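Enquirer: Take this structure first; my questions come after.
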Amino acid sequence: MATAVASAEFENATFGKVAWRLIPFLFLCYIVAFLDRVNVSFAKLQMVPDVISDAVYGVGAGIFFIGYFIFEVPSNVILERVGARMWIARIMITWGIISSLFMFTADVHWGGIAAAFNCTDAEFTFYVLRFLLGVAEAGFFPGIILYMTYWFPGPRRAKFIALFMTAIAIANVIGSPVSGAIMQYMDGVSGWHGWQWLFLLEGIPSVIIGLMVLWLLPNGPKDARWLTREEKEFVVQQVHADEASKKDHGQRHSFADAFKDMRVWALAVVYFCGVVCFYAINFWMPTIIQEVGIDKQDFLKVGLLSMIPWGFAAVAMVYWGAHSDRTGERRWHAAGGLLLGIAGLVMLALIGHDAVLSIIALTLVTVGLLSWVATFWSLPTAFLSGTAAAAGIAWINSVGNLGGHFGPVLIGHIRAATGGATQSALFALAAVALLGALIILFMPRTGVSKAATSAAH
């Protein structure tokens with residue numbers, strides 16, 4: 001009994017040390033990543049209509065995910081081969097530089113090239129930079145999910161992934177008022193618009209933290225100088241035992257195996273459905289909040305109100321992931337998040353421009369969608385391992401993230417066609433989320449039950 005207690009204490013202490021060393025830094029990396037991805041949603045409030053239109057913004061916001069899709073799988077496979085430290089640093093430095101270059105959107109002249117695409121110079125620059133930003137960032141998120149599998153066995157992973165992914169919410173909690181304040185109070189400084197300062201000031205931290213990755217991030221447990229030899233061996237043994245337990249659930253190892261498993265394709269569709277909704281709301285939330293009656297120049301107030309949905313979501317997704325770990329249940333947790341998001345989308349479509357109810361509806365949407373994504377990644381990692389995990393996770397993420405193209409485009413075109421109305425788009429998003437929830441509930445089991453996991457350990 002004393003040995004078992006000591007073993008349990010050692011296990012908790014070891015994984016606690018790993019979590020304390022890795023999660024806060026990865027959390028910081030994802031915060032700056034997400035800020036650079038979505039700060040365009042605030043820049044849009046000043047850029048439209050002087051630089052771009054609603055429709056152009058919707059297309060440009062989504063083009064990011066085309067570049068992301070093309071380079072996602074190769075990027076994740078490269079990460080597995082060259083190591084997480086070098087590749088994650090490369091990703092962060094290049095995306096920080098490209099993000100800052102957005103400040104020159106209105107200053108680049110393309111001559112006949114832009115005209116050939118039926119664009120103004122500013123529109124074409126916006127499209128090109130959004131595409132390049134997607135290329136630069138491709139592989140970051142699935143790379144981190146893959147990296148988590150090097151350190152945490154499946155029964156512990158959902159909670160830590162949820163903690164890591166609270167960076168999505170925290171990035172918006174912090175970034176929303178900061179972005180609003182930069183645009184409001186830096187506008188006109190040195191002759192630059194607020195949106196130009198926004199891109200510059202929020203791009204620089206990515207480059208700095210990318211350089212820090214080279215010094216602070218070990219490639220795996222064996223490279224961690226802050227673990228003892230016994231702790232390293234224990235973490236590796238636990239991860240290997242988790243990998244071995246997957247064979248009872250149709251384990252896949254090789255690159256090709258990832259694409260032969262229909263569960264990978266089903267989960268890619270699920271992720272597509274959720275991402276369509278998430279980025280549609282994320283990229284348009286400042287606009288939706290501004291249109292409940294806020295002064296067009298009060299960007300800080302828009303930012304402060306945007307904190308409310310993201311703040312609730314940050315708390316909810318951690319609880320959701322921890323509850324999933326505690327019960328061992330994955331499918332209903334993932335599907336339930338989408339169902340809660342659907343309720344918020346339908347409510348948002350029906351209430352018009354009521355300020356209080358709009359914030360409540362947006363809160364339901366963000367809580368639901370972030371709780372969904374916090375537990376979703378426990379589904380594919382339950383049956384994928386090795387190179388199949390690198391390829392399969394990247395494929396699910398890249399196909400799914402195409403939804404980030406279609407969601408903003410959908411709202412942009414519907415608003416352009418209806419004079420600014422979004423109700424039809426919100427109902428369409430709810431239908432897409434419902435499809436994702438149904439696929440999760442009816443697909444073959446992908447996870448290990450809590451009882452089976454305990455027996456294996």
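Identifiers for the structure tokens are assigned positionally: chains receive A, B, ... in sequence, residues are indexed from 1 per chain, and ligands are indexed from 1 in the order shown.
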Residues of range 228-339 of chain A that approach range 50-69 of chain A to 12 Å or less, counting only C-alpha atoms: could you list each one with the shortest pair of atoms and its distance in Å to one decimal, rows by chain and increasing residue number, as JSON lines?
Expert:
{"residue": "A:Phe272", "atom": "CA", "partner": "A:Phe65", "partner_atom": "CA", "distance": 11.4}
{"residue": "A:Val275", "atom": "CA", "partner": "A:Phe65", "partner_atom": "CA", "distance": 10.7}
{"residue": "A:Val276", "atom": "CA", "partner": "A:Gly62", "partner_atom": "CA", "distance": 10.0}
{"residue": "A:Tyr279", "atom": "CA", "partner": "A:Gly62", "partner_atom": "CA", "distance": 8.7}
{"residue": "A:Ala280", "atom": "CA", "partner": "A:Gly58", "partner_atom": "CA", "distance": 9.0}
{"residue": "A:Ile281", "atom": "CA", "partner": "A:Gly58", "partner_atom": "CA", "distance": 11.6}
{"residue": "A:Asn282", "atom": "CA", "partner": "A:Ala61", "partner_atom": "CA", "distance": 10.5}
{"residue": "A:Phe283", "atom": "CA", "partner": "A:Ala61", "partner_atom": "CA", "distance": 7.4}
{"residue": "A:Trp284", "atom": "CA", "partner": "A:Gly58", "partner_atom": "CA", "distance": 8.9}
{"residue": "A:Thr287", "atom": "CA", "partner": "A:Asp54", "partner_atom": "CA", "distance": 10.3}
Enquirer: Save out the residues we just selected, N, CA and C atoms, as a compact mmCIF listing (two decimals), in the first residue's frame.
Expert:
# COMPACT_ATOMS: atom_id res chain seq x y z
N PHE A 272 -14.19 20.67 -39.27
CA PHE A 272 -14.59 21.67 -40.25
C PHE A 272 -15.86 22.38 -39.79
N VAL A 275 -15.18 24.65 -36.77
CA VAL A 275 -14.32 25.79 -37.10
C VAL A 275 -15.07 26.82 -37.95
N VAL A 276 -15.95 26.36 -38.85
CA VAL A 276 -16.80 27.29 -39.60
C VAL A 276 -17.49 28.25 -38.64
N TYR A 279 -14.77 30.56 -36.24
CA TYR A 279 -14.11 31.72 -36.85
C TYR A 279 -15.09 32.72 -37.44
N ALA A 280 -16.27 32.25 -37.83
CA ALA A 280 -17.29 33.20 -38.27
C ALA A 280 -17.62 34.16 -37.13
N ILE A 281 -17.82 33.60 -35.94
CA ILE A 281 -18.12 34.44 -34.78
C ILE A 281 -16.90 35.23 -34.33
N ASN A 282 -15.74 34.58 -34.31
CA ASN A 282 -14.53 35.23 -33.82
C ASN A 282 -14.17 36.46 -34.67
N PHE A 283 -14.18 36.30 -35.99
CA PHE A 283 -13.79 37.40 -36.87
C PHE A 283 -14.84 38.50 -36.95
N TRP A 284 -16.08 38.18 -36.60
CA TRP A 284 -17.15 39.18 -36.71
C TRP A 284 -17.66 39.67 -35.37
N THR A 287 -17.57 43.44 -34.74
CA THR A 287 -18.57 44.12 -35.58
C THR A 287 -19.97 43.94 -35.01
Enquirer: Would you list, as number ranges by chain, the residues of range 57-244 of chain A that end up in alpha helix (DSSP H) under DSSP run on this structure's backbone?
Expert: A: 57-82, 84-101, 112-116, 121-137, 140-149, 154-185, 194-216, 229-244
Enquirer: Can you work out the spacing between CA of Lys260 in chain A and CA of Thr381 in chain A in Å, to one decimal?
Expert: 15.6 Å
Enquirer: Just the residues within 12 Å of Gly16 in chain A, please, counting only C-alpha atoms, with nothing from its chain fewer than 6 positions along; format it as a list in words.
Expert: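 In the requested format, the answer is Ala8, Glu9, Phe10, Leu22, Ile23, Trp151, Phe152, Arg156, Phe160, Leu227, Glu231 and Val235 of chain A.
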Enquirer: Mind dumping the selected residues with all heavy atoms as a CSV table (one decimal), in the first residue's frame?
Expert:
chain,number,residue,atom,x,y,z
A,8,ALA,N,1.8,6.8,-6.7
A,8,ALA,CA,0.8,7.8,-7.1
A,8,ALA,C,1.3,9.2,-6.9
A,8,ALA,O,1.2,10.1,-7.7
A,8,ALA,CB,-0.5,7.6,-6.4
A,9,GLU,N,2.0,9.4,-5.7
A,9,GLU,CA,2.6,10.7,-5.4
A,9,GLU,C,3.7,11.1,-6.4
A,9,GLU,O,3.7,12.3,-6.9
A,9,GLU,CB,3.1,10.7,-4.0
A,9,GLU,CG,2.0,10.6,-2.9
A,9,GLU,CD,2.6,10.5,-1.5
A,9,GLU,OE1,3.9,10.3,-1.4
A,9,GLU,OE2,1.9,10.6,-0.5
A,10,PHE,N,4.5,10.1,-6.7
A,10,PHE,CA,5.6,10.4,-7.7
A,10,PHE,C,5.0,10.7,-9.1
A,10,PHE,O,5.5,11.7,-9.7
A,10,PHE,CB,6.5,9.2,-7.8
A,10,PHE,CG,7.6,9.3,-8.8
A,10,PHE,CD1,8.7,10.1,-8.5
A,10,PHE,CD2,7.6,8.6,-10.0
A,10,PHE,CE1,9.7,10.2,-9.4
A,10,PHE,CE2,8.6,8.8,-10.9
A,10,PHE,CZ,9.7,9.6,-10.6
A,22,LEU,N,5.9,23.4,-19.0
A,22,LEU,CA,5.6,23.5,-20.4
A,22,LEU,C,4.3,24.3,-20.7
A,22,LEU,O,4.3,25.2,-21.6
A,22,LEU,CB,5.3,22.1,-21.0
A,22,LEU,CG,6.5,21.1,-21.1
A,22,LEU,CD1,6.1,19.8,-21.7
A,22,LEU,CD2,7.7,21.8,-21.9
A,23,ILE,N,3.3,24.1,-19.9
A,23,ILE,CA,2.0,24.7,-20.2
A,23,ILE,C,2.0,26.2,-20.2
A,23,ILE,O,1.5,26.8,-21.1
A,23,ILE,CB,0.8,24.1,-19.3
A,23,ILE,CG1,0.7,22.6,-19.5
A,23,ILE,CG2,-0.5,24.8,-19.6
A,23,ILE,CD1,0.4,22.1,-20.9
A,151,TRP,N,4.5,14.0,-24.0
A,151,TRP,CA,4.7,14.3,-22.6
A,151,TRP,C,3.6,13.7,-21.7
A,151,TRP,O,3.8,13.4,-20.5
A,151,TRP,CB,4.7,15.8,-22.3
A,151,TRP,CG,5.9,16.5,-23.0
A,151,TRP,CD1,6.0,17.0,-24.2
A,151,TRP,CD2,7.2,16.7,-22.4
A,151,TRP,NE1,7.2,17.5,-24.4
A,151,TRP,CE2,8.0,17.3,-23.3
A,151,TRP,CE3,7.7,16.4,-21.1
A,151,TRP,CZ2,9.3,17.7,-23.0
A,151,TRP,CZ3,9.0,16.8,-20.8
A,151,TRP,CH2,9.8,17.4,-21.8
A,152,PHE,N,2.3,13.7,-22.2
A,152,PHE,CA,1.2,13.3,-21.4
A,152,PHE,C,0.4,12.1,-22.0
A,152,PHE,O,0.1,12.1,-23.2
A,152,PHE,CB,0.2,14.5,-21.3
A,152,PHE,CG,0.8,15.7,-20.7
A,152,PHE,CD1,1.0,16.8,-21.5
A,152,PHE,CD2,1.1,15.8,-19.3
A,152,PHE,CE1,1.6,18.0,-20.9
A,152,PHE,CE2,1.6,16.9,-18.8
A,152,PHE,CZ,1.9,18.0,-19.6
A,156,ARG,N,-4.5,12.0,-19.1
A,156,ARG,CA,-4.2,13.3,-18.6
A,156,ARG,C,-4.3,14.4,-19.6
A,156,ARG,O,-4.2,15.5,-19.3
A,156,ARG,CB,-2.8,13.3,-18.0
A,156,ARG,CG,-2.6,12.4,-16.8
A,156,ARG,CD,-1.2,12.5,-16.3
A,156,ARG,NE,-1.1,11.7,-15.0
A,156,ARG,CZ,-1.2,12.2,-13.8
A,156,ARG,NH1,-1.5,13.5,-13.7
A,156,ARG,NH2,-1.1,11.5,-12.7
A,160,PHE,N,-4.9,19.0,-19.9
A,160,PHE,CA,-3.8,19.9,-20.3
A,160,PHE,C,-4.0,20.6,-21.6
A,160,PHE,O,-3.6,21.7,-21.8
A,160,PHE,CB,-2.5,19.1,-20.2
A,160,PHE,CG,-2.1,18.8,-18.8
A,160,PHE,CD1,-1.9,17.5,-18.5
A,160,PHE,CD2,-1.9,19.7,-17.9
A,160,PHE,CE1,-1.5,17.1,-17.2
A,160,PHE,CE2,-1.5,19.4,-16.6
A,160,PHE,CZ,-1.3,18.1,-16.2
A,227,LEU,N,14.2,17.6,-15.6
A,227,LEU,CA,13.7,16.3,-15.1
A,227,LEU,C,14.8,15.5,-14.6
A,227,LEU,O,15.9,15.4,-15.2
A,227,LEU,CB,12.9,15.6,-16.1
A,227,LEU,CG,11.5,16.1,-16.5
A,227,LEU,CD1,10.9,15.2,-17.6
A,227,LEU,CD2,10.5,16.2,-15.3
A,231,GLU,N,12.5,10.6,-13.4
A,231,GLU,CA,11.3,11.2,-14.0
A,231,GLU,C,11.2,11.1,-15.5
A,231,GLU,O,10.1,10.9,-16.0
A,231,GLU,CB,11.3,12.7,-13.5
A,231,GLU,CG,11.1,12.9,-12.0
A,231,GLU,CD,11.4,14.3,-11.6
A,231,GLU,OE1,12.1,15.0,-12.3
A,231,GLU,OE2,10.8,14.7,-10.5
A,235,VAL,N,8.1,9.3,-17.4
A,235,VAL,CA,7.2,9.9,-18.4
A,235,VAL,C,7.3,9.1,-19.7
A,235,VAL,O,6.2,8.9,-20.3
A,235,VAL,CB,7.7,11.4,-18.6
A,235,VAL,CG1,7.0,12.0,-19.8
A,235,VAL,CG2,7.5,12.2,-17.4
Enquirer: Hey, can you check how far CA of Arg85 in chain A sits from CA of Leu146 in chain A?
Expert: 12.8 Å
Enquirer: Just want the 7 Å neighbourhood of range 335-337 of chain A, counted on only C-alpha atoms, with same-chain residues fewer than 5 positions away dropped. Output as a ChimeraX atom specification.
Expert: /A:368-369,371-372,437,440-441
Enquirer: The selected residues should be written to file as a compact mmCIF listing (two decimals), in the first residue's frame (atoms: N, CA, C and O atoms).
Expert:
# COMPACT_ATOMS: atom_id res chain seq x y z
N GLY A 368 -19.66 27.32 -25.68
CA GLY A 368 -19.93 26.04 -26.32
C GLY A 368 -18.83 25.61 -27.28
O GLY A 368 -18.34 24.47 -27.23
N LEU A 369 -18.40 26.52 -28.14
CA LEU A 369 -17.42 26.16 -29.16
C LEU A 369 -16.04 25.90 -28.55
O LEU A 369 -15.32 24.99 -28.99
N SER A 371 -15.49 24.87 -25.44
CA SER A 371 -15.59 23.63 -24.68
C SER A 371 -15.55 22.43 -25.63
O SER A 371 -14.98 21.38 -25.30
N TRP A 372 -16.16 22.58 -26.79
CA TRP A 372 -16.08 21.52 -27.81
C TRP A 372 -14.63 21.26 -28.22
O TRP A 372 -14.16 20.12 -28.20
N ALA A 437 -22.10 17.79 -34.53
CA ALA A 437 -22.50 17.10 -33.30
C ALA A 437 -23.03 15.71 -33.60
O ALA A 437 -22.72 14.74 -32.89
N ILE A 440 -20.22 13.18 -34.43
CA ILE A 440 -19.52 12.73 -33.22
C ILE A 440 -20.31 11.64 -32.52
O ILE A 440 -19.76 10.61 -32.11
N LEU A 441 -21.61 11.84 -32.39
CA LEU A 441 -22.43 10.91 -31.62
C LEU A 441 -22.65 9.58 -32.32
O LEU A 441 -22.84 8.55 -31.66
Enquirer: Within 9 Å of Ala322 in chain A, counting only C-alpha atoms, which residues qualify if same-chain residues fewer than 5 places away don't, as a PyMOL selection string?
Expert: chain A and resi 156+158-160+162+317+327
Enquirer: For a test of reading the model, state the distance in Å between CA of Val135 in chain A and CA of Met183 in chain A, rounded to one decimal.
Expert: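 About the pair CA of Val135 in chain A and CA of Met183 in chain A: they are 26.7 Å apart.
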Enquirer: Pick out the residues sitting within 9 Å of range 209-217 of chain A, and hand them over as number ranges by chain; count only C-alpha atoms, and ignore anything fewer than 6 positions along from it in its own chain.
Expert: A: 22, 25-26, 28-29, 32, 84-86, 88-94, 96, 224
Enquirer: When you look at range 199-207 of chain A with a cut-off of 12 Å (counting only C-alpha atoms), what residues show up, excluding the ones that are within fewer than 5 positions of it in the same chain? I need them as number ranges by chain.
Expert: A: 28-44, 88-105, 129, 133, 136-137, 171, 174-176, 178-179, 181-183, 186, 192-194, 212-214
